[in-house]
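Participant: My structure is below; once you've seen it, I'll send some questions.
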Amino acid sequence: MKKITSSELRKAWIDFYKERGHVDCGAVSLVSDGSTGVMFNVAGMQPLMPYLLGQKHPLGTRLCNVQGCVRTNDIDSVGDKSHGTFFEMMGSWSLGDYFKEDRCKWSFELLTQLFGFDADHLAATVFAGDENAPRDEEGAKYRELSGFKKENIFYLPAEDNWWGLEYGPCGPDSEMFYVKDVPPCGPDCKPGCHCGKYTEIGNDVFMQYEKHQDGSLTPLKQKNVDTGWGLERNLAFLNGFDDVYKIDVHAPAISYIEEASGVKYDSDEKLTRSMRILADHTRTAVMLIGDEAKLLPSNAGAGYVLRRLIRRAVRHARTLGLKKENILKVAETYISVYAESYPLLVKNKDFIITELGKEIERFEATLENGLKEFKKILDTKQAEKSTEIDGKSAFYLYDTFGFPLELTVELAQEEGLKVDEAGFSEAMEEQKQKARENKNFSQKLTGQNVFDSLDESVKCEFLGYDSLSCDGKVVAMAGADALADELKTGDEGTIITDKTTFYGTMGGQVGDIGEILGNDGSKFEVTETVHVAGGRTAHVGKVVSGSFKKDDKVSLNVNKENRAKTCRNHSATHLLQAALREVLGNDAHQAGSFQDPERTRFDFSYGQAMTKEQIEKVEAIVNENIEKDLPVVTDVMSIDEAKKTGAMALFGEKYGDSVRVVSMGDFSKELCGGTHVKHTGDISSFKILSESGVAAGVRRIEAITGSNVLAYYKKQEEQLNKAAVTLKVQPAMLIEKIQHLMAEYKALSQELEALKAKLAKNSLGNVLDSVVEVKGVKVLATKVSGVDMNGLRDLSDNLCEKMGGGIAVLISEADGKVNLVVKATDDAIAKGAHAGNLIKAIAPIVGGGGGGRPNMAQAGGKNPAGIEECIKAVAGVVDSQIK
């Protein structure tokens with residue numbers, strides 16, 4: 001075996017395959033595009049799925065790469081010596097090119113010539129066959145011909161030697177193992193046994209079948225090979241480690257954690273587990289935030305997985321006595337380690353550290369409060385000798401303190417308790433049911449999948465890009481919760497036609513409204529347009545007159561003014577995104593949008609609030625491009641062609657084979673399926689109403705266009721005129737009048753405060769005659785009338801100064817309520833006095849409570865009748881404090 005570094009191993013892998021006619025196809029984003037139904041890329045072959053099914057790859061039929069992957073299905077195993085949520089998969093592929101013979105030969109060459117293994121210590125497994133597919137005799141034959149000893153080739157069942165997803169490409173696989181010089185554990189000892197004799201090195205998957213949704217297998221049009229070797233595990237093995245956290249990619253981070261925590265790696269099983277989890281989860285967070293997708297923590301989807309990883313890292317950091325700055329240092333360490341192989345991390349370093357720091361800060365506050373509440377629940381359960389935390393308590397922690405269920409489960413397990421996860425789900429469902437009960441008609445309609453049973457031949461063609469009216473035929477209808485044969489006057493329902501000009505809500509753009517007219521004068525008012533099963537467009541509304549039946553000939557008419565306003569807002573959103581990227585930089589990515597006739601709402605990734613100057617600049621840039629009256633052109637092309645033009649796409653959005661690219665001059669170019677104006681001048685004007693934060697690292701701009709801007713300024717003018725009339729000045733003099741009034745108010749306020757202070761002092765009389773001495777500390781406790789809390793604080797400062805130090809306790813009654821202030825000077829504190837503790841002792845006498853610092857405290861009360869008793873109690877409390 002040859003000892004090797006991670007950089008050398010990556011290079012050796014790529015060079016080996018390039019020498020055999022392969023092309024390095026490069027790595028893709030860690031965040032999946034959604035086409036395979038998973039949130040992250042979990043295997044090197046995942047992005048190649050279309051090409052494994054027969055689509056031609058632009059780089060050819062022989063490919064290789066080193067692909068970063070994220071898997072969290074076994075997150076509970078992370079913390080041992082081998083598991084991690086991020087890993088690198090070294091892969092190579094034949095897309096209908098070579099098959100088993102060449103694959104087996106090259107795998108043997110890789111093992112023996114490149115990595116220095118000898119044939120005596122190599123073993124392989126092949127598929128043993130079952131009722132679905134035959135025994136892989138061919139795989140065994142080529143393993144032996146390549147150099148594997150016949151006695152070291154084992155037939156194993158499908159659970160060990162069959163690869164496939166739920167459906168799609170699949171086939172037998174053949175794993176390779178290193179055989180250690182240790183005795184077998186028994187007569188049945190073979191690869192896959194956990195006795196330690198066999199160590200898995202890599203896997204060759206022979207994709208020769210396609211699995212269909214009914215479970216049946218058919219031969220693939222082309223036979224493929226998918227080879228995958230885990231970099232970290234092989235690197236550890238090649239360097240003689242049985243622990244992946246000792247290889248060079250982890251070693252610097254582990255070393256820093258040891259130094260910062262004072263804990264030696266491997267010295268304590270529980271703490272070592274925390275060290276591994278902190279290292280792994282921080283590394284994965286760095287990779288995801290620094291990825292081209294720039295994933296941010298959120299409460300849904302991939303963002304929630306990232307949030308969970310960061311939160312677990314924070315909790316295990318606390319176990320090691322480490323804080324935010326230590327976690328960020330671990331993150332910086334990984335950025336340095338991967339600088340060469342993942343240059344995006346270096347480019348995005350500031351972004352990674354900033355966003356990771358924000359999430360850590362948020363969770364530290366959540367964790368602090370949640371842990372306190374968890375401790376209360378835990379103490380109660382342990383006192384009751386219960387072995388389980390009930391579901392409602394777990395949901396309370398989640399709903400009130402943002403405490404994730406998995407964290408509650410993990411903490412409970414550490415204390416020997418279980419969590420009623422079914423009860424948690426029930427509590428969650430109760431909350432969801434309340435939300436469902438508030439859904440409107442169209443939400444209930446689409447949510448119940450009313451149109452699922454329609455034949456696939458029932459289609460709806462959209463003609464609304466070029467026209468607002470068309471003739472069509474009714475092909476399906478539904479009432480509130482079921483398909484219908486007829487809708488009569490007064491009925492609420494949904495109509496699907498074979499053709500429509502109505503745009504259905506999609507991509508942030510709200511659907512059209514309008515009317516559907518029958519040949520007999522019947523009328524259906526469309527109040528909403530949505531998409532339902534089969535990609536059909538559904539017109540939701542109410543029959544105003546007459547009735548509608550299936551196969552009726554109808555005329556569909558979109559409300560022109562409503563569509564025009566929505567188009568203005570949608571097109572303005574494209575200009576807004578381009579302007580934001582110009583002002584804020586290319587890190588400002590769309591995170592969501594919404595356009596209706598009234599306004600546009602645009603969410604985008606940005607780590608801080610925009611300044612007033614930035615907002616004004618963005619608004620000015622949008623209006624400049626409106627004034628230029630740029631042509632708005634839509635071209636239909638393939639997704640690959642669209643990307644070559646530089647068109648912006650929403651990351652993670654799933655696009656079809658052909659896409660619409662909307663260009664506004666040279667200023668904006670985006671993939672978009674919505675409707676737009678013909679020229680930017682049609683937008684007329686653009687006004688930003690607000691800029692705010694809606695989630696971690698996500699900002700929101702709300703804006704208006706066209707006639708809505710005129711209406712906005714008209715309303716502003718009306719309010720301005722009303723204010724001028726109220727102040728009896730011309731609008732032009734309004735600011736000057738307000739400034740005068742504010743100055744007058746300030747002067748009167750100062751005069752009032754001075755009078756109140758004077759009255760308060762006068763109300764004291766010869767109060768200093770009431771000063772008593774308690775163990776050498778001067779104490780004054782007295783009542784004053786009609787003085788608020790601010791006045792009491794000022795008086796206490798004044799009296800302590802006049803006394804030459806000590807304790808002043810002032811109590812005032814106003815409107816049936818009691819205010820208390822305690823002031824203690826430094827000399828009194830030095831002798832044991834504590835204002836906060838003093839007020840805690842006396843406040844209950846007047847029906848109140850409070851607290852504060854050693855030198856100043858205040859409280860409120862509801863029982864004025866207790867004031868005299870409260871004053872009498874002061875000396876006794878002070879006596880107990882003074883040393």
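By order of appearance in the structure tokens: chains A, B, ..., then residues from 1 within every chain, and ligands from 1 in the order shown.
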Out of range 469-647 of chain A, which residues get helix (DSSP H, G or I) from DSSP, as a VMD selection string?
Facilitator: chain A and resid 533 to 535 560 to 584 612 to 627 639 to 644
Participant: Please extract the residues of range 499-738 of chain A with a backbone DSSP assignment of strand (DSSP E) and present them as a compact mmCIF listing (two decimals) with C-alpha atoms, in the first residue's frame.
Facilitator:
```txt
# COMPACT_ATOMS: atom_id res chain seq x y z
CA LYS A 499 -57.56 25.86 -24.89
CA THR A 500 -57.13 28.92 -22.70
CA GLY A 514 -61.93 37.26 -16.38
CA GLU A 515 -64.96 35.48 -17.79
CA ILE A 516 -65.99 32.40 -19.74
CA LEU A 517 -69.06 32.87 -21.97
CA GLY A 518 -71.29 30.14 -23.38
CA LYS A 523 -71.51 33.39 -17.97
CA PHE A 524 -68.85 32.02 -15.61
CA GLU A 525 -66.89 34.63 -13.66
CA VAL A 526 -63.25 33.50 -13.27
CA THR A 527 -61.90 34.76 -9.94
CA GLU A 528 -58.69 32.70 -9.93
CA THR A 529 -56.68 30.54 -12.32
CA VAL A 530 -54.57 27.67 -10.97
CA HIS A 531 -52.73 24.56 -12.17
CA VAL A 532 -54.08 21.14 -11.24
CA ARG A 536 -53.89 21.46 -16.71
CA THR A 537 -55.10 25.03 -16.26
CA ALA A 538 -58.18 25.29 -14.04
CA HIS A 539 -60.50 28.31 -14.08
CA VAL A 540 -61.95 28.78 -10.59
CA GLY A 541 -65.04 30.90 -10.06
CA LYS A 542 -68.83 31.05 -10.07
CA VAL A 543 -71.61 30.64 -12.60
CA VAL A 544 -73.26 34.08 -12.82
CA SER A 545 -75.96 33.10 -15.30
CA SER A 547 -75.26 26.72 -16.91
CA PHE A 548 -72.20 24.91 -18.28
CA LYS A 549 -71.81 21.28 -19.35
CA LYS A 553 -68.33 25.55 -26.84
CA VAL A 554 -67.18 28.63 -24.93
CA SER A 555 -65.34 31.93 -25.34
CA LEU A 556 -62.59 32.75 -22.82
CA ASN A 557 -61.75 36.39 -22.10
CA VAL A 558 -58.98 37.51 -19.75
CA GLN A 590 -33.63 35.50 -5.96
CA ALA A 591 -35.14 33.64 -3.00
CA GLY A 592 -38.80 34.05 -3.96
CA SER A 593 -41.20 36.45 -5.65
CA PHE A 594 -44.86 37.35 -5.93
CA GLN A 595 -46.63 39.54 -8.45
CA THR A 600 -44.48 43.08 -6.69
CA ARG A 601 -42.73 41.38 -3.81
CA PHE A 602 -39.19 40.18 -4.33
CA ASP A 603 -37.16 38.14 -1.82
CA PHE A 604 -33.41 37.90 -2.29
CA SER A 605 -30.35 36.56 -0.49
CA VAL A 632 -38.89 42.85 -24.08
CA VAL A 633 -38.10 39.80 -26.23
CA THR A 634 -38.91 36.17 -25.48
CA ASP A 635 -36.96 33.33 -27.13
CA VAL A 636 -37.71 29.64 -26.76
CA MET A 637 -34.63 27.38 -26.64
CA SER A 638 -33.11 24.36 -24.92
CA SER A 658 -37.24 23.87 -23.75
CA VAL A 659 -37.42 27.11 -21.81
CA ARG A 660 -38.48 30.72 -22.38
CA VAL A 661 -35.71 33.30 -22.09
CA VAL A 662 -36.98 36.83 -21.45
CA SER A 663 -34.55 39.62 -22.41
CA MET A 664 -34.92 43.33 -21.71
CA SER A 668 -31.75 41.74 -18.03
CA LYS A 669 -31.96 38.16 -19.27
CA GLU A 670 -33.81 35.47 -17.29
CA LEU A 671 -35.46 32.10 -17.72
CA PHE A 686 -41.46 52.08 -10.38
CA LYS A 687 -41.51 52.87 -6.65
CA ILE A 688 -40.01 50.86 -3.77
CA LEU A 689 -42.37 50.90 -0.78
CA SER A 690 -40.30 48.94 1.71
CA GLU A 691 -37.17 46.85 2.30
CA SER A 692 -37.17 44.41 5.21
CA GLY A 693 -35.82 41.10 6.52
CA VAL A 694 -38.04 38.01 6.26
CA ALA A 695 -35.61 35.23 7.26
CA VAL A 698 -33.10 36.90 3.14
CA ARG A 699 -34.35 40.44 2.43
CA ARG A 700 -37.65 41.52 0.88
CA ILE A 701 -38.50 44.48 -1.34
CA GLU A 702 -42.11 45.48 -2.00
CA ALA A 703 -42.74 47.83 -4.89
CA ILE A 704 -45.45 49.21 -7.19
CA THR A 705 -45.61 50.25 -10.83
```
Participant: Just give me the gap between CA of Gln509 in chain A and CA of Gly674 in chain A in Å, one decimal is fine.
Facilitator: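 Pair CA of Gln509 in chain A / CA of Gly674 in chain A returns 6.8 Å.
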Participant: With only C-alpha atoms as the atoms that count, which of A:Glu461, A:Asp280, A:Glu19, A:Glu619 lies nearest to Ile75 in chain A?
Facilitator: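 Selected residue with least distance to Ile75 in chain A: A:Asp280.
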Participant: Would you pick out the contacts of Ser146 in chain A at 9 Å or less, using only C-alpha atoms, so that residues sharing its chain but fewer than 6 positions from it are not included, and give the list as an MDAnalysis selection string?
Facilitator: chainID A and resid 101:102 104:109
Participant: I need the chosen residues saved as a PDB file, in the first residue's frame, with N, CA and C atoms.
Facilitator:
```
ATOM      1  N   GLU A 101     -15.853  -6.336 -19.047  1.00  0.00           N
ATOM      2  CA  GLU A 101     -14.489  -6.794 -19.280  1.00  0.00           C
ATOM      3  C   GLU A 101     -13.475  -5.691 -18.986  1.00  0.00           C
ATOM      4  N   ASP A 102     -13.631  -4.519 -19.626  1.00  0.00           N
ATOM      5  CA  ASP A 102     -12.689  -3.418 -19.402  1.00  0.00           C
ATOM      6  C   ASP A 102     -12.782  -2.876 -17.980  1.00  0.00           C
ATOM      7  N   CYS A 104     -13.575  -4.439 -15.153  1.00  0.00           N
ATOM      8  CA  CYS A 104     -12.893  -5.322 -14.199  1.00  0.00           C
ATOM      9  C   CYS A 104     -11.370  -5.241 -14.353  1.00  0.00           C
ATOM     10  N   LYS A 105     -10.899  -5.149 -15.607  1.00  0.00           N
ATOM     11  CA  LYS A 105      -9.461  -5.056 -15.853  1.00  0.00           C
ATOM     12  C   LYS A 105      -8.893  -3.776 -15.240  1.00  0.00           C
ATOM     13  N   TRP A 106      -9.573  -2.627 -15.466  1.00  0.00           N
ATOM     14  CA  TRP A 106      -9.060  -1.342 -14.981  1.00  0.00           C
ATOM     15  C   TRP A 106      -9.130  -1.247 -13.463  1.00  0.00           C
ATOM     16  N   SER A 107     -10.155  -1.843 -12.863  1.00  0.00           N
ATOM     17  CA  SER A 107     -10.249  -1.821 -11.395  1.00  0.00           C
ATOM     18  C   SER A 107      -9.075  -2.564 -10.778  1.00  0.00           C
ATOM     19  N   PHE A 108      -8.714  -3.710 -11.399  1.00  0.00           N
ATOM     20  CA  PHE A 108      -7.585  -4.484 -10.879  1.00  0.00           C
ATOM     21  C   PHE A 108      -6.277  -3.699 -11.055  1.00  0.00           C
ATOM     22  N   GLU A 109      -6.121  -3.035 -12.204  1.00  0.00           N
ATOM     23  CA  GLU A 109      -4.925  -2.219 -12.443  1.00  0.00           C
ATOM     24  C   GLU A 109      -4.838  -1.073 -11.431  1.00  0.00           C
TER      25      GLU A 109
END
```
Participant: I'd like the neighbourhood of Ser336 in chain A as a CSV table (one decimal) with all heavy atoms, in the first residue's frame, where a residue qualifies if any of its atoms comes within 12 Å (using only C-alpha atoms), though same-chain residues fewer than 2 positions away should be ignored.
Facilitator:
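Result saved to out23.csv:
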```
chain,number,residue,atom,x,y,z
A,248,ASP,N,-5.7,13.8,6.4
A,248,ASP,CA,-5.2,15.1,6.3
A,248,ASP,C,-6.3,16.2,6.2
A,248,ASP,O,-6.1,17.3,6.6
A,248,ASP,CB,-4.2,15.3,5.2
A,248,ASP,CG,-4.7,14.9,3.8
A,248,ASP,OD1,-5.9,14.7,3.7
A,248,ASP,OD2,-3.9,14.9,2.9
A,249,VAL,N,-7.5,15.8,5.7
A,249,VAL,CA,-8.5,16.8,5.5
A,249,VAL,C,-9.2,17.2,6.9
A,249,VAL,O,-9.7,18.3,7.0
A,249,VAL,CB,-9.6,16.4,4.5
A,249,VAL,CG1,-9.1,16.3,3.1
A,249,VAL,CG2,-10.3,15.1,5.0
A,250,HIS,N,-9.1,16.3,7.8
A,250,HIS,CA,-9.7,16.5,9.1
A,250,HIS,C,-8.7,16.9,10.2
A,250,HIS,O,-9.0,17.6,11.2
A,250,HIS,CB,-10.4,15.3,9.6
A,250,HIS,CG,-11.8,15.1,9.1
A,250,HIS,ND1,-12.8,16.0,9.1
A,250,HIS,CD2,-12.3,14.0,8.4
A,250,HIS,CE1,-13.9,15.6,8.5
A,250,HIS,NE2,-13.6,14.4,8.1
A,252,PRO,N,-6.2,19.1,10.8
A,252,PRO,CA,-6.0,20.4,11.3
A,252,PRO,C,-7.2,20.9,12.1
A,252,PRO,O,-7.0,21.6,13.2
A,252,PRO,CB,-5.9,21.3,10.0
A,252,PRO,CG,-5.4,20.3,9.0
A,252,PRO,CD,-6.1,19.0,9.3
A,253,ALA,N,-8.4,20.5,11.8
A,253,ALA,CA,-9.6,20.9,12.5
A,253,ALA,C,-9.6,20.2,13.9
A,253,ALA,O,-9.9,20.8,14.9
A,253,ALA,CB,-10.8,20.6,11.8
A,283,ARG,N,-17.8,21.2,8.7
A,283,ARG,CA,-17.3,21.0,7.4
A,283,ARG,C,-18.5,21.0,6.4
A,283,ARG,O,-18.4,21.7,5.3
A,283,ARG,CB,-16.5,19.7,7.3
A,283,ARG,CG,-16.0,19.5,5.8
A,283,ARG,CD,-15.1,18.3,5.7
A,283,ARG,NE,-15.8,17.0,5.9
A,283,ARG,CZ,-15.4,15.9,5.3
A,283,ARG,NH1,-14.3,15.8,4.6
A,283,ARG,NH2,-16.0,14.8,5.5
A,286,VAL,N,-19.9,24.5,5.9
A,286,VAL,CA,-19.0,25.3,5.1
A,286,VAL,C,-19.2,25.0,3.6
A,286,VAL,O,-19.3,25.9,2.8
A,286,VAL,CB,-17.6,25.1,5.5
A,286,VAL,CG1,-16.6,25.6,4.5
A,286,VAL,CG2,-17.3,25.8,6.9
A,329,LYS,N,-13.7,29.3,13.8
A,329,LYS,CA,-12.2,29.0,13.6
A,329,LYS,C,-12.1,27.6,12.9
A,329,LYS,O,-11.3,27.4,12.0
A,329,LYS,CB,-11.5,29.0,14.9
A,329,LYS,CG,-10.0,28.8,14.7
A,329,LYS,CD,-9.3,29.9,13.9
A,329,LYS,CE,-7.8,29.6,13.8
A,329,LYS,NZ,-7.1,30.6,12.9
A,330,VAL,N,-13.0,26.7,13.4
A,330,VAL,CA,-13.0,25.4,12.7
A,330,VAL,C,-13.4,25.5,11.3
A,330,VAL,O,-12.8,24.9,10.4
A,330,VAL,CB,-14.0,24.4,13.5
A,330,VAL,CG1,-14.1,23.1,12.7
A,330,VAL,CG2,-13.5,24.2,14.9
A,331,ALA,N,-14.4,26.4,11.0
A,331,ALA,CA,-14.9,26.6,9.6
A,331,ALA,C,-13.7,27.2,8.8
A,331,ALA,O,-13.5,26.7,7.6
A,331,ALA,CB,-16.1,27.6,9.6
A,332,GLU,N,-13.0,28.1,9.3
A,332,GLU,CA,-11.9,28.7,8.6
A,332,GLU,C,-10.8,27.7,8.3
A,332,GLU,O,-10.2,27.7,7.2
A,332,GLU,CB,-11.3,29.9,9.4
A,332,GLU,CG,-12.2,31.1,9.5
A,332,GLU,CD,-11.7,32.2,10.3
A,332,GLU,OE1,-10.6,32.0,11.0
A,332,GLU,OE2,-12.2,33.3,10.4
A,333,THR,N,-10.6,26.8,9.2
A,333,THR,CA,-9.6,25.7,9.0
A,333,THR,C,-10.0,24.9,7.8
A,333,THR,O,-9.1,24.6,7.0
A,333,THR,CB,-9.5,24.9,10.3
A,333,THR,OG1,-9.2,25.7,11.4
A,333,THR,CG2,-8.5,23.8,10.1
A,334,TYR,N,-11.3,24.5,7.7
A,334,TYR,CA,-11.7,23.7,6.6
A,334,TYR,C,-11.6,24.5,5.3
A,334,TYR,O,-11.3,23.9,4.2
A,334,TYR,CB,-13.1,23.1,6.8
A,334,TYR,CG,-13.1,21.9,7.7
A,334,TYR,CD1,-13.8,21.9,8.9
A,334,TYR,CD2,-12.5,20.7,7.2
A,334,TYR,CE1,-13.8,20.8,9.7
A,334,TYR,CE2,-12.5,19.6,8.0
A,334,TYR,CZ,-13.1,19.6,9.3
A,334,TYR,OH,-13.1,18.5,10.1
A,338,TYR,N,-9.4,23.0,2.1
A,338,TYR,CA,-10.0,22.7,0.8
A,338,TYR,C,-9.8,23.8,-0.2
A,338,TYR,O,-10.4,23.8,-1.3
A,338,TYR,CB,-11.5,22.4,0.9
A,338,TYR,CG,-11.8,21.1,1.5
A,338,TYR,CD1,-12.1,20.9,2.9
A,338,TYR,CD2,-11.7,19.9,0.7
A,338,TYR,CE1,-12.4,19.7,3.4
A,338,TYR,CE2,-12.0,18.7,1.3
A,338,TYR,CZ,-12.4,18.5,2.6
A,338,TYR,OH,-12.6,17.3,3.2
A,339,ALA,N,-8.9,24.7,0.1
A,339,ALA,CA,-8.7,25.9,-0.8
A,339,ALA,C,-8.4,25.5,-2.3
A,339,ALA,O,-8.9,26.2,-3.2
A,339,ALA,CB,-7.6,26.8,-0.2
A,340,GLU,N,-7.5,24.5,-2.4
A,340,GLU,CA,-7.1,24.1,-3.8
A,340,GLU,C,-8.2,23.4,-4.5
A,340,GLU,O,-8.5,23.6,-5.7
A,340,GLU,CB,-5.8,23.3,-3.7
A,340,GLU,CG,-5.3,22.9,-5.1
A,340,GLU,CD,-4.0,22.1,-5.0
A,340,GLU,OE1,-3.4,22.0,-3.9
A,340,GLU,OE2,-3.6,21.5,-6.0
A,341,SER,N,-8.8,22.4,-3.8
A,341,SER,CA,-9.8,21.5,-4.5
A,341,SER,C,-11.2,22.1,-4.6
A,341,SER,O,-12.0,21.8,-5.5
A,341,SER,CB,-9.8,20.2,-3.8
A,341,SER,OG,-10.0,20.3,-2.4
A,342,TYR,N,-11.5,23.1,-3.7
A,342,TYR,CA,-12.8,23.8,-3.7
A,342,TYR,C,-12.6,25.3,-3.7
A,342,TYR,O,-12.8,25.9,-2.6
A,342,TYR,CB,-13.7,23.3,-2.6
A,342,TYR,CG,-14.1,21.9,-2.7
A,342,TYR,CD1,-13.3,20.8,-2.3
A,342,TYR,CD2,-15.3,21.6,-3.3
A,342,TYR,CE1,-13.7,19.5,-2.4
A,342,TYR,CE2,-15.8,20.2,-3.4
A,342,TYR,CZ,-14.9,19.2,-3.0
A,342,TYR,OH,-15.4,17.9,-3.1
A,343,PRO,N,-12.1,25.9,-4.7
A,343,PRO,CA,-11.7,27.3,-4.7
A,343,PRO,C,-12.9,28.3,-4.4
A,343,PRO,O,-12.7,29.4,-3.9
A,343,PRO,CB,-11.2,27.6,-6.1
A,343,PRO,CG,-11.7,26.4,-7.0
A,343,PRO,CD,-11.8,25.3,-6.0
A,344,LEU,N,-14.1,27.8,-4.6
A,344,LEU,CA,-15.3,28.6,-4.3
A,344,LEU,C,-15.4,29.0,-2.8
A,344,LEU,O,-15.9,30.0,-2.4
A,344,LEU,CB,-16.6,27.9,-4.7
A,344,LEU,CG,-17.3,28.3,-6.0
A,344,LEU,CD1,-18.6,27.6,-6.2
A,344,LEU,CD2,-17.5,29.8,-6.1
A,345,LEU,N,-14.8,28.1,-2.0
A,345,LEU,CA,-14.9,28.3,-0.5
A,345,LEU,C,-14.0,29.5,-0.2
A,345,LEU,O,-14.4,30.3,0.7
A,345,LEU,CB,-14.3,27.1,0.2
A,345,LEU,CG,-15.1,25.8,0.1
A,345,LEU,CD1,-14.5,24.7,0.9
A,345,LEU,CD2,-16.6,26.0,0.4
A,346,VAL,N,-12.9,29.7,-0.8
A,346,VAL,CA,-12.0,30.8,-0.6
A,346,VAL,C,-12.7,32.1,-1.1
A,346,VAL,O,-12.7,33.1,-0.4
A,346,VAL,CB,-10.7,30.6,-1.3
A,346,VAL,CG1,-9.8,31.9,-1.1
A,346,VAL,CG2,-10.0,29.4,-0.8
A,347,LYS,N,-13.3,32.0,-2.3
A,347,LYS,CA,-14.0,33.2,-2.9
A,347,LYS,C,-15.1,33.6,-2.0
A,347,LYS,O,-15.4,34.8,-1.8
A,347,LYS,CB,-14.5,32.8,-4.3
A,347,LYS,CG,-15.3,33.9,-4.9
A,347,LYS,CD,-15.8,33.5,-6.3
A,347,LYS,CE,-16.7,34.6,-6.9
A,347,LYS,NZ,-17.3,34.1,-8.2
A,349,LYS,N,-15.5,33.0,1.3
A,349,LYS,CA,-15.1,32.9,2.7
A,349,LYS,C,-15.9,33.9,3.6
A,349,LYS,O,-16.4,33.5,4.6
A,349,LYS,CB,-13.6,33.1,2.9
A,349,LYS,CG,-13.2,33.0,4.4
A,349,LYS,CD,-11.7,33.1,4.5
A,349,LYS,CE,-11.3,33.0,6.0
A,349,LYS,NZ,-9.8,33.1,6.2
```
Participant: Dump as CSV the rows for residues of range 728-810 of chain A within 12 Å of range 848-859 of chain A: closest atom pair and distance in Å with one decimal, only C-alpha atoms counted, ordered by chain and rising residue number.
Facilitator:
```
residue,atom,partner,partner_atom,distance
A:Asp788,CA,A:Gln858,CA,11.5
A:Met789,CA,A:Gln858,CA,8.1
A:Asn790,CA,A:Gln858,CA,10.3
A:Leu792,CA,A:Gln858,CA,9.4
A:Arg793,CA,A:Met856,CA,8.6
A:Asp794,CA,A:Met856,CA,11.5
A:Ser796,CA,A:Met856,CA,9.5
A:Asp797,CA,A:Met856,CA,9.8
A:Cys800,CA,A:Asn855,CA,11.3
A:Gly805,CA,A:Asn855,CA,11.5
A:Gly806,CA,A:Asn855,CA,10.3
A:Ile807,CA,A:Asn855,CA,9.0
A:Ala808,CA,A:Met856,CA,9.8
A:Val809,CA,A:Gln858,CA,9.7
A:Leu810,CA,A:Gln858,CA,9.7
```
Participant: For Gly171 in chain A, work out the shell of residues within 8 Å, counting only C-alpha atoms and skipping chain neighbours fewer than 4 positions away, then give it as number ranges by chain.
Facilitator: A: 162-164, 205-209
Participant: Find the residue from A:Ala123, A:Cys460, A:Ala723, A:Ala564 that sits nearest to Gly534 in chain A; use only C-alpha atoms when measuring.
Facilitator: A:Cys460
Participant: Extract, using only C-alpha atoms, all DNA, RNA and protein residues at most 7 Å from range 125-129 of chain A, discarding same-chain residues fewer than 3 positions from it, and format them as a list in words.
Facilitator: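 In the requested form, the answer reads Ala133, Pro134, Arg135, Asp136, Gly139, Ala140, Ile153, Phe154, Tyr155, Leu156, Pro157, Ala158, Asn161, Trp162, Pro172, Asp173, Ser174, Glu175 and Met176 of chain A.
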Participant: Excluding Arg71 in chain A and residues on its chain fewer than 2 positions from it, collect all residues at most 9 Å away from it, counting only C-alpha atoms, and give them as a CSV table (one decimal) with C-alpha atoms, in the first residue's frame.
Facilitator:
```
chain,number,residue,atom,x,y,z
A,40,PHE,CA,-28.7,16.9,-2.1
A,41,ASN,CA,-26.4,15.2,-4.5
A,42,VAL,CA,-25.9,11.9,-2.6
A,43,ALA,CA,-23.7,10.1,-5.2
A,69,CYS,CA,-21.8,14.5,-1.7
A,73,ASN,CA,-29.9,9.6,6.3
A,74,ASP,CA,-27.4,8.1,8.9
A,75,ILE,CA,-26.7,11.3,10.8
A,84,GLY,CA,-19.7,11.7,7.9
A,85,THR,CA,-22.4,13.8,6.3
A,86,PHE,CA,-20.1,15.3,3.7
A,87,PHE,CA,-17.8,13.0,1.7
```
Participant: Which is closest to Thr319 in chain A among A:Lys270, A:Lys141, A:His281, A:Lys56, if we use only C-alpha atoms?
Facilitator: A:Lys270
